[in-house]
Structures are given as C-alpha cells and as structure tokens.
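Worksheet for the structure shown next.
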Amino acid sequence: MIRRRQRGFTLMEIVIALAVFGVLLYILAVLTSEMNGYEKRYPINFMAHPDTAATVARLRKDIVDTYDYPPSPYEEYTRGDRVLLISSIRPDGSSETVVWDFRTPGEVHRKAFIVGNLTSDWVARGMPQFTIAWALMPNGQNALRLTAIDTKGQIAIDEVIQPRAH
Amino acid sequence: MRQRGFTLVEVLAALVILAIVTTTTLAVFVERQRQLREASETILAWQALANEVEYRRRIDFIRLDTAPAAFDPGNTAILAPLAPYAATVTVTTPQPDVKHVALTIRWQNGKRAASLEIIRVQTGGGNLF
C-alpha cells in the first residue's frame with residue numbers, strides 16, 4: 001500500500017485566507033451599518049405606494065374643489081383631526097357632502113352624501129395613519145394640512161392643500 | 001498518477017475575476033444606496049417647497065418683499081432628517097408689477113439643493129380666476 005504524504009495548509013495560507021474574509025466581512029458590516037443608519041434617519045416613503053399616492057390625489061382634488069364646510073356633526077361624523085367634512089362640487093355642478101374618515105388604522109374611508117343620502121362609499125386599505133389639521137395662510141384663509149407619521153414617529157407626508165377660488 | 005495543483009497564474013487570474021465581481025457588486029450596492037438616500041431627501045425637500053409655495057402665494061403682492069426670508073416654521077418640520085439645512089426665500093422684482101419668489105433648500109453643506117420659483121403678478125387686488 002502506497003501512502004501519500006498529505007499536508008495541510010500552512011499558517012501563512014490560513015492567515016491570508018482569514019484576512020481576505022475579514023476584509024469582506026468588514027465591508028459587509030460597514031454597508032449594513034450605513035443601510036441601518038439610512039433607514040433610521042429617513043422616514044418611510046409612503047407615496048411610493050400607488051394606493052397611497054392615489055388616495056392623497058383624490059383627497060387633494062376634493063379639497064381643491066371645496067367651496068364650504070358643512071356643519072359638524074354631519075350624520076354620525078364629527079369634524080376632528082381624523083375626520084374631514086367638506087362640501088364639494090360634482091362633475092355635473094351639483095353639490096355633495098364628502099366625509100373623509102381616517103379613524104380606522106390602516107384604512108381611509110371616503111363617503112359622499114347628497115341631501116343626506118349616501119351615494120358613494122369608497123375605502124382604501126394599507127394606508128398610513130393620516131392626521132388632518134388646519135394651517136392658517138397669510139391671507140387669513142385656512143388650508144388643510146395632511147400629515148402621516150411613520151412607525152419611527154417621523155413625518156413622512158406633509159401636504160398643505162387649499163381650496164381654489166371658485 | 002501525478003497530481004499537480006493550480007499554477008500561480010491560474011490562481012491569480014481567478015483572484016482577479018473574483019475581485020472584479022466582488023467590487024462591481026459592492027459598487028452597485030453602494031450606488032443604489034446613495035440614489036435611494038438622495039431620492040428620499042429630494043422627496044422631503046419638495047414637500048416643504050410645495051407647502052411653502054402655497055404659503056407664499058397667499059401673501060399680498062405688496063408685502064412679498066418684507067415677508068420673512070425664512071420658511072414658515074410649520075413647513076420645515078418635515079426637513080428634520082436633512083439637518084443641518086438652509087431654507088431661504090429670495091424675492092426679486094424684474095418689473096414693477098412682477099415678482100419672482102425663489103425658494104431654495106440646501107443641505108449636506110450646500111452640496112445638494114432643491115429650488116422652486118413662482119412668479120407673482122400685481123393684479124391690483126383683483127382675482128384672476
């Protein structure tokens with residue numbers, strides 16, 4: 001039986017291999033750390049979600065077309081930082097009362113009423129938690145301020161929308 | 001049977017290929033991270049610019065020059081991740097009845113900037129709509 005001499009790696013070979021792996025691990029750690037820092041520093045881009053962008057666009061259209069604010073409460077809705085009551089204009093020129101309801105986490109409800117009758121009931125799911133407030137403009141007019149806070153408490157959406165002149 | 005290992009040239013060639021692949025992959029990764037970060041910054045800056053424009057549109061024409069040169073504090077909260085930043089407003093009057101209102105946000109020590117300009121026209125208080 002012929003026995004072949006077997007030899008392992010030398011210390012130098014192992015050290016070099018470990019050094020190469022060490023460098024790669026270091027680069028990976030730095031990149032991961034940068035990525036984590038980036039995620040912590042910047043808010044979530046909710047508007048990258050098409051449904052969220054579409055919902056905000058629909059709300060913007062309603063606000064821009066608003067000509068009046070109906071009395072609160074309206075039906076079972078009371079105006080507040082999660083409920084918006086507006087009087088808007090329909091395509092045929094008639095008027096409707098629109099309720100934007102942000103009270104249910106993750107959902108946005110839009111209901112339209114004509115003379116107290118529900119004519120449209122629309123809901124969007126997977127939404128951020130919106131809050132509405134009023135921003136006083138220099139001309140004394142109130143604009144609506146729509147904000148959304150992400151899970152880290154950072155402002156991710158901040159939009160000031162004002163009714164247009166009719 | 002005589003067994004032989006790789007030659008030095010073979011090992012070096014393999015290492016070069018590995019280095020190129022690794023470097024390219026990391027470079028793509030880093031570049032994508034940079035682009036994502038810049039996109040996030042731009043989105044934040046433009047939200048603040050759009051909101052400030054709404055504010056500036058509602059200032060009386062004759063008061064535009066004396067209005068604060070800084071953004072309304074309510075419009076800068078979203079810019080917190082860009083700190084330190086500078087948000088400035090510059091008003092110029094190319095014609096007596098026309099004013100240019102330029103809004104600029106600079107961050108990363110001025111390396112990055114976003115700006116928006118609106119043109120206001122003196123209508124004598126009349127409504128153009």
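FYI, nothing fancy with the structure tokens labels: chains A, B, ... in order, residues from 1 per chain, ligands from 1 as they appear.
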
**Message:** Please check the contacts: residues of chain A at most 6 Å away from chain B, using only C-alpha atoms, listed as a list of chain:residue names.
**Reply:** A:Arg41, A:Tyr42, A:Met137, A:Pro138, A:Asn139, A:Ile155, A:Val160

Since we have the selection now, will you write its residues out, keeping C-alpha atoms, as a compact mmCIF listing (two decimals), in the first residue's frame?
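File written: again-v1.txt
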```
# COMPACT_ATOMS: atom_id res chain seq x y z
CA ARG A 41 -32.66 58.68 9.53
CA TYR A 42 -35.21 58.95 6.75
CA MET A 137 -52.42 81.20 5.44
CA PRO A 138 -51.20 84.82 5.35
CA ASN A 139 -54.47 85.91 3.71
CA ILE A 155 -43.17 62.94 9.46
CA VAL A 160 -50.75 71.71 2.57
```

If you count only C-alpha atoms, which residues fall within 12 Å of Thr119 (chain A), apart from same-chain ones fewer than 2 positions away, as a PyMOL selection string?
chain A and resi 90+95-99+110-117+121-122

Rounded to one decimal, what separation in Å do you get between CA of Glu117 (chain B) and CA of Thr66 (chain B)?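 Those two atoms sit 17.4 Å apart.
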
For Asp81 (chain A), list every protein, DNA or RNA residue within 7 Å, evaluated using only C-alpha atoms, and leave out those in the same chain fewer than 2 positions away; present the list as a list of chain:residue names.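 Near Asp81 (chain A), the qualifying residues are A:Val83, A:Thr131, A:Ile132, A:Ala133.
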
For the residues in that selection, give me N, CA and C atoms as a compact mmCIF listing (two decimals), in the first residue's frame.
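Result file is again_30.txt:
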```
# COMPACT_ATOMS: atom_id res chain seq x y z
N VAL A 83 -61.27 63.20 11.05
CA VAL A 83 -62.49 63.26 10.23
C VAL A 83 -62.56 64.62 9.54
N THR A 131 -53.33 62.30 9.61
CA THR A 131 -53.91 63.26 10.55
C THR A 131 -54.14 64.55 9.78
N ILE A 132 -55.26 65.19 10.08
CA ILE A 132 -55.52 66.46 9.40
C ILE A 132 -55.53 67.61 10.41
N ALA A 133 -55.07 68.72 9.95
CA ALA A 133 -55.04 69.93 10.78
C ALA A 133 -55.27 71.11 9.86
```

TODO: Identify, with DSSP run on backbone atoms, the residues in region 34-131 of chain A assigned to strand (DSSP E or B), and express the list as number ranges by chain.
DONE: A: 68, 74, 77, 83-89, 95-101, 107-114, 117-125, 130-131

- Residues at most 12 Å from Phe61 (chain B), counting only C-alpha atoms, excluding those fewer than 4 positions away in the same chain, as a list of chain:residue names? A:Pro138, A:Asn139, B:Arg56, B:Arg57, B:Asp65, B:Thr66, B:Ala67, B:Val91, B:Thr93, B:Pro96, B:Asp97, B:Val98, B:Lys99, B:His100, B:Val101, B:Ile119, B:Arg120, B:Val121, B:Gln122, B:Thr123, B:Gly124, B:Gly125, B:Gly126

Atoms kept (N, CA and C atoms) for selection, written as a PDB file, in the first residue's frame:
```pdb
ATOM      1  N   PRO A 138     -51.373  83.377   5.094  1.00  0.00           N
ATOM      2  CA  PRO A 138     -51.204  84.821   5.347  1.00  0.00           C
ATOM      3  C   PRO A 138     -52.445  85.643   4.997  1.00  0.00           C
ATOM      4  N   ASN A 139     -53.262  85.154   4.075  1.00  0.00           N
ATOM      5  CA  ASN A 139     -54.465  85.913   3.712  1.00  0.00           C
ATOM      6  C   ASN A 139     -55.650  85.590   4.623  1.00  0.00           C
TER       7      ASN A 139
ATOM      8  N   ARG B  56     -46.594  81.254   0.250  1.00  0.00           N
ATOM      9  CA  ARG B  56     -46.130  82.492  -0.409  1.00  0.00           C
ATOM     10  C   ARG B  56     -47.139  83.019  -1.421  1.00  0.00           C
ATOM     11  N   ARG B  57     -47.931  82.122  -1.985  1.00  0.00           N
ATOM     12  CA  ARG B  57     -48.950  82.573  -2.942  1.00  0.00           C
ATOM     13  C   ARG B  57     -50.024  83.410  -2.244  1.00  0.00           C
ATOM     14  N   ASP B  65     -41.962  91.547  -0.467  1.00  0.00           N
ATOM     15  CA  ASP B  65     -40.573  91.941  -0.199  1.00  0.00           C
ATOM     16  C   ASP B  65     -40.251  91.961   1.290  1.00  0.00           C
ATOM     17  N   THR B  66     -41.236  92.303   2.083  1.00  0.00           N
ATOM     18  CA  THR B  66     -40.981  92.429   3.521  1.00  0.00           C
ATOM     19  C   THR B  66     -41.319  91.161   4.289  1.00  0.00           C
ATOM     20  N   ALA B  67     -41.839  90.162   3.598  1.00  0.00           N
ATOM     21  CA  ALA B  67     -42.160  88.896   4.276  1.00  0.00           C
ATOM     22  C   ALA B  67     -40.854  88.227   4.728  1.00  0.00           C
ATOM     23  N   VAL B  91     -36.707  87.262  -3.055  1.00  0.00           N
ATOM     24  CA  VAL B  91     -37.702  87.930  -3.893  1.00  0.00           C
ATOM     25  C   VAL B  91     -36.994  88.947  -4.775  1.00  0.00           C
ATOM     26  N   THR B  93     -37.579  91.669  -8.270  1.00  0.00           N
ATOM     27  CA  THR B  93     -38.631  92.399  -8.984  1.00  0.00           C
ATOM     28  C   THR B  93     -38.133  92.768 -10.377  1.00  0.00           C
ATOM     29  N   PRO B  96     -42.026  96.282 -12.265  1.00  0.00           N
ATOM     30  CA  PRO B  96     -42.737  96.800 -11.093  1.00  0.00           C
ATOM     31  C   PRO B  96     -43.940  95.954 -10.676  1.00  0.00           C
ATOM     32  N   ASP B  97     -44.599  95.340 -11.626  1.00  0.00           N
ATOM     33  CA  ASP B  97     -45.797  94.572 -11.273  1.00  0.00           C
ATOM     34  C   ASP B  97     -45.567  93.058 -11.334  1.00  0.00           C
ATOM     35  N   VAL B  98     -44.297  92.673 -11.352  1.00  0.00           N
ATOM     36  CA  VAL B  98     -43.965  91.237 -11.382  1.00  0.00           C
ATOM     37  C   VAL B  98     -42.878  90.953 -10.347  1.00  0.00           C
ATOM     38  N   LYS B  99     -43.095  89.909  -9.596  1.00  0.00           N
ATOM     39  CA  LYS B  99     -42.059  89.495  -8.627  1.00  0.00           C
ATOM     40  C   LYS B  99     -41.771  88.006  -8.794  1.00  0.00           C
ATOM     41  N   HIS B 100     -40.507  87.697  -8.700  1.00  0.00           N
ATOM     42  CA  HIS B 100     -40.088  86.292  -8.696  1.00  0.00           C
ATOM     43  C   HIS B 100     -39.793  85.895  -7.254  1.00  0.00           C
ATOM     44  N   VAL B 101     -40.413  84.848  -6.821  1.00  0.00           N
ATOM     45  CA  VAL B 101     -40.163  84.341  -5.470  1.00  0.00           C
ATOM     46  C   VAL B 101     -39.453  83.002  -5.612  1.00  0.00           C
ATOM     47  N   ILE B 119     -43.882  82.975  -9.882  1.00  0.00           N
ATOM     48  CA  ILE B 119     -43.970  84.345 -10.384  1.00  0.00           C
ATOM     49  C   ILE B 119     -45.292  84.927  -9.907  1.00  0.00           C
ATOM     50  N   ARG B 120     -45.203  86.033  -9.199  1.00  0.00           N
ATOM     51  CA  ARG B 120     -46.400  86.713  -8.717  1.00  0.00           C
ATOM     52  C   ARG B 120     -46.606  87.977  -9.547  1.00  0.00           C
ATOM     53  N   VAL B 121     -47.842  88.256  -9.855  1.00  0.00           N
ATOM     54  CA  VAL B 121     -48.172  89.419 -10.678  1.00  0.00           C
ATOM     55  C   VAL B 121     -49.124  90.317  -9.898  1.00  0.00           C
ATOM     56  N   GLN B 122     -48.866  91.597  -9.937  1.00  0.00           N
ATOM     57  CA  GLN B 122     -49.745  92.564  -9.259  1.00  0.00           C
ATOM     58  C   GLN B 122     -51.033  92.687 -10.052  1.00  0.00           C
ATOM     59  N   THR B 123     -52.119  92.274  -9.429  1.00  0.00           N
ATOM     60  CA  THR B 123     -53.408  92.354 -10.120  1.00  0.00           C
ATOM     61  C   THR B 123     -54.282  93.447  -9.519  1.00  0.00           C
ATOM     62  N   GLY B 124     -53.689  94.208  -8.629  1.00  0.00           N
ATOM     63  CA  GLY B 124     -54.470  95.284  -8.012  1.00  0.00           C
ATOM     64  C   GLY B 124     -55.558  94.761  -7.084  1.00  0.00           C
ATOM     65  N   GLY B 125     -55.332  93.582  -6.554  1.00  0.00           N
ATOM     66  CA  GLY B 125     -56.337  93.024  -5.636  1.00  0.00           C
ATOM     67  C   GLY B 125     -57.414  92.232  -6.367  1.00  0.00           C
ATOM     68  N   GLY B 126     -57.403  92.318  -7.683  1.00  0.00           N
ATOM     69  CA  GLY B 126     -58.407  91.586  -8.445  1.00  0.00           C
ATOM     70  C   GLY B 126     -58.103  90.093  -8.444  1.00  0.00           C
TER      71      GLY B 126
END
```

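One finds CA of Asn142 (chain A) at 27.0 Å from CA of Pro43 (chain A).
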
* Would you list the contacts of Gln141 (chain A) as a VMD selection string, taking every protein, DNA or RNA residue within 10 Å and counting only C-alpha atoms, but skipping same-chain residues closer than 5 positions in sequence? => (chain A and resid 134 to 136 162 to 163) or (chain B and resid 58)

Requested in this report: Could you give me, as a ChimeraX atom specification, the residues within 12 Å of Trp100 (chain A), counting only C-alpha atoms and dropping anything in the same chain fewer than 4 positions from it?
Outcome: /A:55-56,58-60,62-63,74,77-88,104,107-113,120-124,130-132,146

Residue among A:Val64, A:Ile149, A:Pro105, A:Gly126 lying closest to Arg164 (chain A), counting only C-alpha atoms: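 Looking only at the distances to Arg164 (chain A), the closest residue turns out to be A:Val64.
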
Point to revise | From A:Asn36, A:Ile157, A:Ala53, A:Ala165, residue lying nearest Ala45 (chain B) [only C-alpha atoms] | key: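 Counting only C-alpha atoms, the residue closest to Ala45 (chain B) is A:Ile157.
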
#### Entry: 7 Å contact set for Trp107 (chain B), only C-alpha atoms, chain neighbours under 6 positions out, as a ChimeraX atom specification
/B:82,84-86,113

Now that the selection is made, can you save its residues with N, CA and C atoms as a compact mmCIF listing (two decimals), in the first residue's frame?
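Saved as part.txt:
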```txt
# COMPACT_ATOMS: atom_id res chain seq x y z
N LEU B 82 -32.88 66.20 7.15
CA LEU B 82 -31.85 66.83 6.31
C LEU B 82 -30.92 67.74 7.12
N PRO B 84 -28.06 69.47 9.16
CA PRO B 84 -28.33 70.89 9.04
C PRO B 84 -28.66 71.28 7.59
N TYR B 85 -29.64 72.15 7.47
CA TYR B 85 -30.05 72.61 6.14
C TYR B 85 -30.30 74.12 6.21
N ALA B 86 -30.40 74.72 5.05
CA ALA B 86 -30.75 76.15 4.98
C ALA B 86 -31.91 76.31 4.02
N ALA B 113 -29.20 70.58 -3.31
CA ALA B 113 -30.16 71.69 -3.22
C ALA B 113 -31.40 71.35 -4.02
```

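The two atoms in question, CA of Ile105 (chain B) and CA of Glu31 (chain B), are spaced 23.5 Å apart.
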